[in-house]
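Student: Before I ask anything, let me first share the structure, which is written out below as structure tokens.
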Amino acid sequence: MKRVVVGLSGGVDSSVAAYLLQQTGYEVIGLFMKNWHDTSVTISNECPWLEDSSDAMSVAETLNIPYQTIDLSKEYKERIVDYMFAEYQKGRTPNPDILCNREIKFDIFLKAAMQLNADYVATGHYCKKEITKQNGKDIFKLKAAHDKNKDQSYFLCQLNQEQLSKALFPIGHLEKSEVRKIAS
């Protein structure tokens, strides 16, 4: 049985991704990424990651899958926040979602998943992956999601072949309305 670590955010998309993978026969582990907890720069005293983490844990309990939290806030600040401010000072506006996917979710998070002996990582991104052969070698292509209103392939555009080879996008073939129906 193949093992997959799902980036479980507590939201409907990652929850359904975990459920679908479980139903397909994968051994699923839920891993919540804590990317930010510096309350000195938040607008209110709320701690949304605590609620998100609690929601993710509840999903894991419902699905009866192992659940862990990984604190990536140091790496997120260094690789995303600091980089963005440096780029802003140069008059450029990088996309934080693209950076986070390349640098955090499909690099540090992926490496953490591999330490859990995972074969794959999965997220609740709306996109699809296609595998073709070229000279006998697998080539991984990122494709737009079935739901054109929710397509997130753009945010994954900088993933390399190694990252894509380990990535699963279980909801990319669904409409958001179908995901909500499965979640209910």
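Simple scheme: letters A, B, ... for chains in structure tokens order, numbers from 1 for residues in each chain, numbers from 1 for ligands in the order shown.
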Give me the residues within 7 Å of stretch 8-24 of chain A as a list in words, counting only C-alpha atoms and dropping any in the same chain fewer than 3 places off.

Tutor: Glu27, Val28, Gly30, Leu31, Phe32, Asp52, Ser53, Asp55, Ala56, Val59, Leu63, Thr123, Gly124, Pro170, Ile171, Val179, Arg180, Ile182 and Ala183 of chain A

Student: If you keep C-alpha atoms, can you produce a file of those selected residues as a short mmCIF file (atom, residue, chain, number, x, y, z; two decimals), in the first residue's frame?

Tutor:
```
data_model
loop_
_atom_site.label_atom_id
_atom_site.label_comp_id
_atom_site.auth_asym_id
_atom_site.auth_seq_id
_atom_site.Cartn_x
_atom_site.Cartn_y
_atom_site.Cartn_z
CA GLU A 27 -2.33 4.85 3.58
CA VAL A 28 -2.99 8.51 4.49
CA GLY A 30 -2.46 14.20 7.78
CA LEU A 31 0.22 16.83 8.34
CA PHE A 32 -0.72 20.40 9.29
CA ASP A 52 -7.28 25.61 11.46
CA SER A 53 -5.12 23.09 13.30
CA ASP A 55 -10.22 21.61 12.31
CA ALA A 56 -7.48 19.54 10.65
CA VAL A 59 -10.84 15.75 10.09
CA LEU A 63 -11.05 9.73 8.85
CA THR A 123 -2.77 18.86 -1.35
CA GLY A 124 -6.23 20.22 -1.96
CA PRO A 170 -6.92 14.32 -5.83
CA ILE A 171 -9.60 16.98 -6.37
CA VAL A 179 -16.08 18.68 -3.37
CA ARG A 180 -18.58 20.33 -1.02
CA ILE A 182 -18.42 14.87 -0.80
CA ALA A 183 -17.44 16.81 2.33
#
```

Student: Could you tell me, as a ChimeraX atom specification, which residues of stretch 13-178 of chain A DSSP assigns to strand (DSSP E) when given the backbone?

Tutor: /A:27-34,67-71,120-122,127-134,137-144,167-168

Student: Using only C-alpha atoms, find the one residue out of A:Ala122, A:Val6, A:Ala144, A:Cys127 that sits nearest to A:Ile65.

Tutor: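 Ranked by minimum distance to A:Ile65, first place goes to A:Val6.
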
Student: I'd like to know which of A:Ile80, A:Glu175, A:Tyr120, A:Lys133 is closest to A:Ala145, using only C-alpha atoms.

Tutor: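 Nearest to A:Ala145: A:Glu175.
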
Student: Any idea what the distance is between atom CA of A:Ser165 and atom CA of A:Asn149?

Tutor: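 It comes out at 25.5 Å.
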
Student: What does the distance between atom CA of A:Met1 and atom CA of A:Gly25 come to in Å, to one decimal place?

Tutor: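 Value for the atom CA of A:Met1-atom CA of A:Gly25 distance: 7.1 Å.
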
Student: Just to confirm, what's the straight-line distance from atom CA of A:Gln152 to atom CA of A:Ala86 in Å (one decimal)?

Tutor: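 Separating atom CA of A:Gln152 from atom CA of A:Ala86 is a distance of 25.7 Å.
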
Student: For each of A:Glu78, A:Tyr67, A:Ala60, A:Asp147, take the minimum atom-to-atom distance to A:Leu116, counting only C-alpha atoms, then give the residue where this is smallest.

Tutor: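 Nearest to A:Leu116: A:Tyr67.
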
Student: Between A:Gln163, A:Gln89, A:Ser73, A:Asn64, which residue has the minimum interatomic distance to A:Phe106, considering only C-alpha atoms?

Tutor: A:Gln163
